[in-house]
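Containing mmCIF, C-alpha atoms: entry.cif.
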```
data_model
#
loop_
_atom_site.group_PDB
_atom_site.id
_atom_site.type_symbol
_atom_site.label_atom_id
_atom_site.label_comp_id
_atom_site.auth_asym_id
_atom_site.auth_seq_id
_atom_site.Cartn_x
_atom_site.Cartn_y
_atom_site.Cartn_z
ATOM 1 C CA MET A 1 -27.825 86.038 -39.197
ATOM 2 C CA VAL A 2 -25.020 88.167 -40.584
ATOM 3 C CA ARG A 3 -21.773 86.695 -41.803
ATOM 4 C CA VAL A 4 -18.598 88.093 -40.284
ATOM 5 C CA LYS A 5 -16.518 89.484 -43.127
ATOM 6 C CA SER A 6 -12.771 89.370 -43.217
ATOM 7 C CA ARG A 7 -9.989 90.464 -45.539
ATOM 8 C CA TYR A 8 -6.932 88.452 -46.425
ATOM 9 C CA LEU A 9 -3.622 90.107 -47.101
ATOM 10 C CA LEU A 10 -1.000 88.245 -49.117
ATOM 11 C CA CYS A 11 2.472 89.425 -48.165
ATOM 12 C CA GLU A 12 6.020 88.499 -48.979
ATOM 13 C CA ILE A 13 8.670 88.692 -46.261
ATOM 14 C CA ASN A 14 11.971 89.874 -47.718
ATOM 15 C CA VAL A 15 15.204 89.166 -45.876
ATOM 16 C CA SER A 16 18.821 89.643 -46.892
ATOM 17 C CA ASP A 17 19.814 86.088 -45.935
ATOM 18 C CA ARG A 18 17.326 83.449 -47.168
ATOM 19 C CA SER A 19 18.352 81.016 -44.428
ATOM 20 C CA ASN A 20 16.797 83.376 -41.865
ATOM 21 C CA LEU A 21 13.340 82.668 -43.315
ATOM 22 C CA LEU A 22 13.422 79.162 -41.843
ATOM 23 C CA LYS A 23 13.703 80.669 -38.356
ATOM 24 C CA LEU A 24 10.335 82.440 -38.663
ATOM 25 C CA ASP A 25 7.121 81.109 -37.173
ATOM 26 C CA ASP A 26 3.557 82.386 -37.285
ATOM 27 C CA ARG A 27 3.555 83.650 -33.697
ATOM 28 C CA ALA A 28 6.594 85.829 -34.308
ATOM 29 C CA VAL A 29 5.076 87.304 -37.483
ATOM 30 C CA ALA A 30 1.744 87.969 -35.746
ATOM 31 C CA GLY A 31 3.528 89.606 -32.823
ATOM 32 C CA ALA A 32 5.540 91.868 -35.119
ATOM 33 C CA VAL A 33 2.411 92.929 -37.019
ATOM 34 C CA ARG A 34 0.466 93.607 -33.805
ATOM 35 C CA ALA A 35 3.371 95.616 -32.389
ATOM 36 C CA ALA A 36 3.643 97.689 -35.577
ATOM 37 C CA VAL A 37 -0.093 98.447 -35.610
ATOM 38 C CA ALA A 38 0.034 99.445 -31.928
ATOM 39 C CA ARG A 39 3.098 101.621 -32.501
ATOM 40 C CA ILE A 40 1.646 103.419 -35.539
ATOM 41 C CA HIS A 41 -2.074 103.635 -34.694
ATOM 42 C CA GLY A 42 -2.019 103.463 -30.912
ATOM 43 C CA ASP A 43 -4.540 101.719 -28.697
ATOM 44 C CA TYR A 44 -7.370 102.199 -31.184
ATOM 45 C CA GLY A 45 -5.557 100.333 -33.965
ATOM 46 C CA ALA A 46 -4.306 97.646 -31.612
ATOM 47 C CA ALA A 47 -7.816 97.003 -30.307
ATOM 48 C CA LEU A 48 -9.365 96.840 -33.786
ATOM 49 C CA CYS A 49 -6.768 94.483 -35.180
ATOM 50 C CA SER A 50 -6.589 92.207 -32.160
ATOM 51 C CA VAL A 51 -10.200 91.030 -32.454
ATOM 52 C CA ARG A 52 -9.976 88.533 -35.335
ATOM 53 C CA PHE A 53 -6.428 89.016 -36.599
ATOM 54 C CA CYS A 54 -4.390 85.886 -37.254
ATOM 55 C CA VAL A 55 -1.693 84.480 -39.502
ATOM 56 C CA LYS A 56 -3.511 81.876 -41.588
ATOM 57 C CA TYR A 57 -0.508 80.597 -43.518
ATOM 58 C CA LEU A 58 3.253 81.064 -43.394
ATOM 59 C CA ASN A 59 5.613 79.397 -45.839
ATOM 60 C CA ALA A 60 9.032 79.744 -44.287
ATOM 61 C CA HIS A 61 10.781 78.565 -47.468
ATOM 62 C CA THR A 62 9.340 81.255 -49.751
ATOM 63 C CA GLY A 63 8.448 83.938 -47.194
ATOM 64 C CA THR A 64 4.778 83.977 -48.203
ATOM 65 C CA VAL A 65 2.274 84.993 -45.506
ATOM 66 C CA PHE A 66 -1.542 85.124 -45.474
ATOM 67 C CA LEU A 67 -2.911 87.499 -42.832
ATOM 68 C CA ARG A 68 -6.607 87.500 -41.890
ATOM 69 C CA PHE A 69 -8.210 90.475 -40.198
ATOM 70 C CA PRO A 70 -11.602 92.214 -39.927
ATOM 71 C CA LYS A 71 -12.824 93.962 -43.038
ATOM 72 C CA GLY A 72 -13.134 97.317 -41.324
ATOM 73 C CA CYS A 73 -9.527 97.613 -40.191
ATOM 74 C CA TYR A 74 -7.548 96.330 -43.157
ATOM 75 C CA LYS A 75 -6.294 99.810 -44.029
ATOM 76 C CA LEU A 76 -4.868 100.223 -40.527
ATOM 77 C CA LEU A 77 -2.986 96.958 -40.795
ATOM 78 C CA TRP A 78 -1.894 97.599 -44.361
ATOM 79 C CA SER A 79 -0.533 101.038 -43.502
ATOM 80 C CA ALA A 80 1.505 99.658 -40.579
ATOM 81 C CA LEU A 81 3.313 96.946 -42.595
ATOM 82 C CA PRO A 82 6.038 99.231 -44.044
ATOM 83 C CA PHE A 83 7.141 100.076 -40.515
ATOM 84 C CA ILE A 84 8.112 96.488 -39.705
ATOM 85 C CA THR A 85 11.891 96.350 -40.002
ATOM 86 C CA SER A 86 12.641 93.214 -38.004
ATOM 87 C CA ILE A 87 10.992 90.171 -36.451
ATOM 88 C CA GLU A 88 12.145 88.588 -33.214
ATOM 89 C CA SER A 89 11.877 84.818 -33.473
ATOM 90 C CA ARG A 90 13.433 82.166 -31.251
ATOM 91 C CA GLY A 91 15.637 84.674 -29.491
ATOM 92 C CA GLN A 92 17.074 86.121 -32.698
ATOM 93 C CA ILE A 93 16.249 89.394 -34.386
ATOM 94 C CA ILE A 94 15.777 88.927 -38.118
ATOM 95 C CA PRO A 95 15.936 92.136 -40.190
ATOM 96 C CA CYS A 96 13.219 92.072 -42.847
ATOM 97 C CA PHE A 97 10.482 94.032 -44.563
ATOM 98 C CA PHE A 98 7.020 93.154 -45.816
ATOM 99 C CA ASN A 99 5.948 93.489 -49.427
ATOM 100 C CA CYS A 100 2.153 93.517 -49.788
ATOM 101 C CA LEU A 101 1.173 91.608 -52.930
ATOM 102 C CA HIS A 102 -2.614 91.342 -52.804
ATOM 103 C CA VAL A 103 -5.683 92.124 -50.684
ATOM 104 C CA GLY A 104 -8.598 89.742 -51.155
ATOM 105 C CA GLY A 105 -11.979 88.976 -49.697
ATOM 106 C CA THR A 106 -11.329 85.231 -49.598
ATOM 107 C CA MET A 107 -8.297 83.065 -49.183
ATOM 108 C CA ARG A 108 -9.054 81.442 -52.528
ATOM 109 C CA THR A 109 -8.657 84.719 -54.444
ATOM 110 C CA CYS A 110 -5.312 85.255 -52.738
ATOM 111 C CA GLN A 111 -4.231 81.729 -53.710
ATOM 112 C CA LYS A 112 -5.188 82.362 -57.344
ATOM 113 C CA PHE A 113 -3.220 85.588 -57.325
ATOM 114 C CA LEU A 114 -0.223 83.813 -55.777
ATOM 115 C CA ILE A 115 -0.247 81.212 -58.565
ATOM 116 C CA ARG A 116 -0.321 83.944 -61.228
ATOM 117 C CA TYR A 117 2.410 85.897 -59.420
ATOM 118 C CA ASN A 118 4.705 82.878 -59.096
ATOM 119 C CA THR A 119 4.175 82.011 -62.764
ATOM 120 C CA GLN A 120 5.145 85.554 -63.768
ATOM 121 C CA GLN A 121 8.251 85.370 -61.596
ATOM 122 C CA LEU A 122 9.278 82.106 -63.243
ATOM 123 C CA HIS A 123 8.707 83.605 -66.707
ATOM 124 C CA GLN A 124 11.070 86.433 -65.766
ATOM 125 C CA MET A 125 13.697 83.913 -64.671
ATOM 126 C CA LEU A 126 13.549 81.909 -67.912
ATOM 127 C CA PRO A 127 15.509 84.321 -70.168
ATOM 128 C CA LYS A 128 18.237 84.642 -67.519
ATOM 129 C CA CYS A 129 19.082 80.920 -67.539
ATOM 130 C CA LYS A 130 22.657 80.001 -68.374
ATOM 131 C CA ASN A 131 22.138 76.457 -69.700
ATOM 132 C CA GLU A 132 19.435 74.104 -70.950
ATOM 133 C CA GLU A 133 19.181 72.210 -67.640
ATOM 134 C CA GLU A 134 18.158 75.383 -65.799
ATOM 135 C CA LYS A 135 15.626 76.186 -68.537
ATOM 136 C CA ARG A 136 14.157 72.690 -68.269
ATOM 137 C CA GLN A 137 13.820 72.985 -64.486
ATOM 138 C CA ILE A 138 12.065 76.341 -64.755
ATOM 139 C CA ARG A 139 9.723 75.013 -67.467
ATOM 140 C CA GLU A 140 8.788 72.130 -65.161
ATOM 141 C CA ALA A 141 8.196 74.581 -62.305
ATOM 142 C CA ILE A 142 5.938 76.704 -64.500
ATOM 143 C CA LEU A 143 3.971 73.674 -65.643
ATOM 144 C CA SER A 144 3.551 72.453 -62.073
ATOM 145 C CA CYS A 145 1.559 75.609 -61.235
ATOM 146 C CA THR A 146 -2.136 74.838 -61.300
ATOM 147 C CA LEU A 147 -3.939 77.049 -63.752
ATOM 148 C CA THR A 148 -7.694 76.892 -64.086
ATOM 149 C CA GLY A 149 -9.223 76.687 -67.526
ATOM 150 C CA ARG A 150 -6.066 75.631 -69.398
ATOM 151 C CA ASN A 151 -4.506 72.328 -70.243
ATOM 152 C CA ASP A 152 -0.770 71.755 -69.905
ATOM 153 C CA GLU A 153 -0.116 71.071 -73.606
ATOM 154 C CA THR A 154 -1.495 74.450 -74.688
ATOM 155 C CA PHE A 155 0.413 76.222 -71.942
ATOM 156 C CA GLU A 156 3.633 74.389 -72.854
ATOM 157 C CA ASP A 157 3.225 75.463 -76.507
ATOM 158 C CA GLU A 158 2.765 79.088 -75.403
ATOM 159 C CA LEU A 159 5.818 78.824 -73.169
ATOM 160 C CA MET A 160 7.965 77.514 -76.019
ATOM 161 C CA SER A 161 6.753 80.250 -78.381
ATOM 162 C CA GLU A 162 7.507 82.952 -75.765
ATOM 163 C CA GLU A 163 10.987 81.557 -75.276
ATOM 164 C CA ASP A 164 11.677 81.514 -79.017
ATOM 165 C CA GLY A 165 10.436 85.095 -79.346
ATOM 166 C CA GLU A 166 12.865 86.504 -76.745
#
```
Before we go any further, please render this structure as structure tokens.
Amino acid sequence: MVRVKSRYLLCEINVSDRSNLLKLDDRAVAGAVRAAVARIHGDYGAALCSVRFCVKYLNAHTGTVFLRFPKGCYKLLWSALPFITSIESRGQIIPCFFNCLHVGGTMRTCQKFLIRYNTQQLHQMLPKCKNEEEKRQIREAILSCTLTGRNDETFEDELMSEEDGE
């Protein structure tokens, strides 16, 4: 028996007004992606991507989306993402664009990448803090990320040394 192989695409939905993210649902995102693939690649692309394509995870607060699709057609789907300029959800058209962050063979590899990516984003925010309360909140957010193979005390020491160096 042969295992059916899939690819997982980790994307970020960028909108001008963050409150519009809460209006999104997985059906609307899947419909927008299917429509973009059909528009760009025609019937062939639409047929390939409609077989096992689905939105596995959508975080409406952060705009993070996991898309699953067959291994053979991930380039078709990936190439159609820049052409998505809006998503229609609940009767409203939300202008947005997709930023592809990672392509992985399993959902777990995408989750690991997302943890590393979010940690890097928080590290970039740390020097821009205006007061100590903001710095403390960002440090707590960084420490709440689960990192494999490290303990929190070592990571906290590295964080403090990075902050002192900048």
(request) Please write the residues picked by the PyMOL selection byres ((chain A and resi 85) around 12) on this file as an MDAnalysis selection string. (result) chainID A and resid 13:16 29 32:33 35:36 80:84 86:88 93:99
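Applied to the file shown here, the PyMOL selection byres ((chain A and resi 100-108) around 7) selects the residues Ser6, Arg7, Tyr8, Leu9, Leu10, Cys11, Glu12, Phe98, Asn99, Thr109, Cys110, Gln111 and Lys112 of chain A.
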(message) Taking the file as I've supplied it (selection: the PyMOL selection byres ((chain A and resi 23) around 9)), which residues are included? Please answer as a PyMOL selection string.
(response) chain A and resi 19-22+24-25+60+89-90+92+94
(request) Please provide as a ChimeraX atom specification all residues within 9 Å of segment 51-58 of chain A, with the sequence filter that same-chain residues fewer than 5 positions apart are discarded (counting only C-alpha atoms). (result) /A:6,8,24-27,29-30,34,46,63-70
(message) Could you check the closest approach to Lys75 of chain A for each of A:Gly45, A:Gly31, A:Gly91, A:Pro127 and tell me which residue wins, using only C-alpha atoms?
(response) A:Gly45
(message) Please determine, counting all atoms listed in the file, which residue among A:Thr62, A:Leu143, A:Ile138, A:Arg18 has the shortest atom-to-atom distance to Leu114 of chain A.
(response) A:Thr62
Centre and edge lengths of an axis-aligned box around all listed atoms of segment 118-129 of chain A, with 6 Å added on each side, are to be given in Å to one decimal, as AutoDock Vina command-line options.
```
--center_x 11.6 --center_y 83.7 --center_z -64.6 --size_x 26.9 --size_y 17.5 --size_z 23.1
```
Kindly output segment 7-18 of chain A as a PDB file, keeping the file's coordinate frame, after building all heavy atoms.
```pdb
ATOM      1  N   ARG A   7     -10.870  90.213 -44.406  1.00  0.00           N
ATOM      2  CA  ARG A   7      -9.989  90.464 -45.539  1.00  0.00           C
ATOM      3  C   ARG A   7      -8.739  89.632 -45.336  1.00  0.00           C
ATOM      4  O   ARG A   7      -8.312  89.365 -44.208  1.00  0.00           O
ATOM      5  CB  ARG A   7      -9.602  91.938 -45.643  1.00  0.00           C
ATOM      6  CG  ARG A   7     -10.698  92.820 -46.108  1.00  0.00           C
ATOM      7  CD  ARG A   7     -10.927  92.638 -47.602  1.00  0.00           C
ATOM      8  NE  ARG A   7     -12.009  93.465 -48.071  1.00  0.00           N
ATOM      9  CZ  ARG A   7     -13.204  92.996 -48.419  1.00  0.00           C
ATOM     10  NH1 ARG A   7     -13.456  91.722 -48.312  1.00  0.00           N
ATOM     11  NH2 ARG A   7     -14.125  93.795 -48.860  1.00  0.00           N
ATOM     12  N   TYR A   8      -8.164  89.233 -46.448  1.00  0.00           N
ATOM     13  CA  TYR A   8      -6.932  88.452 -46.425  1.00  0.00           C
ATOM     14  C   TYR A   8      -5.866  89.244 -47.159  1.00  0.00           C
ATOM     15  O   TYR A   8      -6.084  89.741 -48.253  1.00  0.00           O
ATOM     16  CB  TYR A   8      -7.137  87.094 -47.091  1.00  0.00           C
ATOM     17  CG  TYR A   8      -8.076  86.215 -46.317  1.00  0.00           C
ATOM     18  CD1 TYR A   8      -9.444  86.277 -46.538  1.00  0.00           C
ATOM     19  CD2 TYR A   8      -7.607  85.340 -45.354  1.00  0.00           C
ATOM     20  CE1 TYR A   8     -10.314  85.478 -45.820  1.00  0.00           C
ATOM     21  CE2 TYR A   8      -8.475  84.544 -44.638  1.00  0.00           C
ATOM     22  CZ  TYR A   8      -9.826  84.616 -44.873  1.00  0.00           C
ATOM     23  OH  TYR A   8     -10.683  83.836 -44.155  1.00  0.00           O
ATOM     24  N   LEU A   9      -4.730  89.364 -46.533  1.00  0.00           N
ATOM     25  CA  LEU A   9      -3.622  90.107 -47.101  1.00  0.00           C
ATOM     26  C   LEU A   9      -2.515  89.117 -47.428  1.00  0.00           C
ATOM     27  O   LEU A   9      -2.077  88.363 -46.559  1.00  0.00           O
ATOM     28  CB  LEU A   9      -3.142  91.139 -46.084  1.00  0.00           C
ATOM     29  CG  LEU A   9      -2.199  92.210 -46.544  1.00  0.00           C
ATOM     30  CD1 LEU A   9      -2.912  93.121 -47.542  1.00  0.00           C
ATOM     31  CD2 LEU A   9      -1.744  93.039 -45.371  1.00  0.00           C
ATOM     32  N   LEU A  10      -2.100  89.101 -48.677  1.00  0.00           N
ATOM     33  CA  LEU A  10      -1.000  88.245 -49.117  1.00  0.00           C
ATOM     34  C   LEU A  10       0.263  89.081 -49.115  1.00  0.00           C
ATOM     35  O   LEU A  10       0.349  90.091 -49.813  1.00  0.00           O
ATOM     36  CB  LEU A  10      -1.287  87.703 -50.520  1.00  0.00           C
ATOM     37  CG  LEU A  10      -0.172  86.940 -51.204  1.00  0.00           C
ATOM     38  CD1 LEU A  10       0.179  85.675 -50.435  1.00  0.00           C
ATOM     39  CD2 LEU A  10      -0.566  86.593 -52.628  1.00  0.00           C
ATOM     40  N   CYS A  11       1.220  88.677 -48.302  1.00  0.00           N
ATOM     41  CA  CYS A  11       2.472  89.425 -48.165  1.00  0.00           C
ATOM     42  C   CYS A  11       3.665  88.527 -48.437  1.00  0.00           C
ATOM     43  O   CYS A  11       3.588  87.307 -48.314  1.00  0.00           O
ATOM     44  CB  CYS A  11       2.619  89.994 -46.761  1.00  0.00           C
ATOM     45  SG  CYS A  11       1.403  91.207 -46.338  1.00  0.00           S
ATOM     46  N   GLU A  12       4.748  89.172 -48.757  1.00  0.00           N
ATOM     47  CA  GLU A  12       6.020  88.499 -48.979  1.00  0.00           C
ATOM     48  C   GLU A  12       6.993  89.084 -47.964  1.00  0.00           C
ATOM     49  O   GLU A  12       7.112  90.309 -47.850  1.00  0.00           O
ATOM     50  CB  GLU A  12       6.448  88.792 -50.406  1.00  0.00           C
ATOM     51  CG  GLU A  12       7.648  88.079 -50.892  1.00  0.00           C
ATOM     52  CD  GLU A  12       7.913  88.424 -52.352  1.00  0.00           C
ATOM     53  OE1 GLU A  12       7.926  89.618 -52.699  1.00  0.00           O
ATOM     54  OE2 GLU A  12       8.101  87.491 -53.116  1.00  0.00           O
ATOM     55  N   ILE A  13       7.669  88.231 -47.219  1.00  0.00           N
ATOM     56  CA  ILE A  13       8.670  88.692 -46.261  1.00  0.00           C
ATOM     57  C   ILE A  13      10.020  88.645 -46.955  1.00  0.00           C
ATOM     58  O   ILE A  13      10.452  87.581 -47.404  1.00  0.00           O
ATOM     59  CB  ILE A  13       8.686  87.821 -44.994  1.00  0.00           C
ATOM     60  CG1 ILE A  13       7.331  87.838 -44.308  1.00  0.00           C
ATOM     61  CG2 ILE A  13       9.768  88.296 -44.043  1.00  0.00           C
ATOM     62  CD1 ILE A  13       7.232  86.912 -43.118  1.00  0.00           C
ATOM     63  N   ASN A  14      10.676  89.785 -47.055  1.00  0.00           N
ATOM     64  CA  ASN A  14      11.971  89.874 -47.718  1.00  0.00           C
ATOM     65  C   ASN A  14      13.069  90.019 -46.678  1.00  0.00           C
ATOM     66  O   ASN A  14      13.005  90.903 -45.821  1.00  0.00           O
ATOM     67  CB  ASN A  14      12.003  91.069 -48.671  1.00  0.00           C
ATOM     68  CG  ASN A  14      11.028  90.899 -49.808  1.00  0.00           C
ATOM     69  OD1 ASN A  14      10.974  89.857 -50.433  1.00  0.00           O
ATOM     70  ND2 ASN A  14      10.234  91.928 -50.057  1.00  0.00           N
ATOM     71  N   VAL A  15      14.055  89.135 -46.772  1.00  0.00           N
ATOM     72  CA  VAL A  15      15.204  89.166 -45.876  1.00  0.00           C
ATOM     73  C   VAL A  15      16.472  89.150 -46.722  1.00  0.00           C
ATOM     74  O   VAL A  15      16.459  88.705 -47.871  1.00  0.00           O
ATOM     75  CB  VAL A  15      15.209  87.976 -44.887  1.00  0.00           C
ATOM     76  CG1 VAL A  15      14.049  88.046 -43.933  1.00  0.00           C
ATOM     77  CG2 VAL A  15      15.209  86.661 -45.611  1.00  0.00           C
ATOM     78  N   SER A  16      17.563  89.624 -46.148  1.00  0.00           N
ATOM     79  CA  SER A  16      18.821  89.643 -46.892  1.00  0.00           C
ATOM     80  C   SER A  16      19.422  88.242 -46.992  1.00  0.00           C
ATOM     81  O   SER A  16      19.992  87.885 -48.014  1.00  0.00           O
ATOM     82  CB  SER A  16      19.814  90.601 -46.250  1.00  0.00           C
ATOM     83  OG  SER A  16      20.040  90.222 -44.910  1.00  0.00           O
ATOM     84  N   ASP A  17      19.285  87.454 -45.944  1.00  0.00           N
ATOM     85  CA  ASP A  17      19.814  86.088 -45.935  1.00  0.00           C
ATOM     86  C   ASP A  17      18.638  85.116 -45.938  1.00  0.00           C
ATOM     87  O   ASP A  17      17.875  85.058 -44.972  1.00  0.00           O
ATOM     88  CB  ASP A  17      20.687  85.873 -44.702  1.00  0.00           C
ATOM     89  CG  ASP A  17      21.355  84.507 -44.695  1.00  0.00           C
ATOM     90  OD1 ASP A  17      21.359  83.837 -45.742  1.00  0.00           O
ATOM     91  OD2 ASP A  17      21.877  84.125 -43.628  1.00  0.00           O
ATOM     92  N   ARG A  18      18.480  84.346 -47.019  1.00  0.00           N
ATOM     93  CA  ARG A  18      17.326  83.449 -47.168  1.00  0.00           C
ATOM     94  C   ARG A  18      17.266  82.376 -46.080  1.00  0.00           C
ATOM     95  O   ARG A  18      16.205  81.845 -45.786  1.00  0.00           O
ATOM     96  CB  ARG A  18      17.341  82.771 -48.542  1.00  0.00           C
ATOM     97  CG  ARG A  18      17.272  83.691 -49.738  1.00  0.00           C
ATOM     98  CD  ARG A  18      15.991  84.391 -49.856  1.00  0.00           C
ATOM     99  NE  ARG A  18      14.908  83.503 -50.214  1.00  0.00           N
ATOM    100  CZ  ARG A  18      13.673  83.883 -50.401  1.00  0.00           C
ATOM    101  NH1 ARG A  18      13.352  85.137 -50.281  1.00  0.00           N
ATOM    102  NH2 ARG A  18      12.738  83.018 -50.705  1.00  0.00           N
TER     103      ARG A  18
END
```
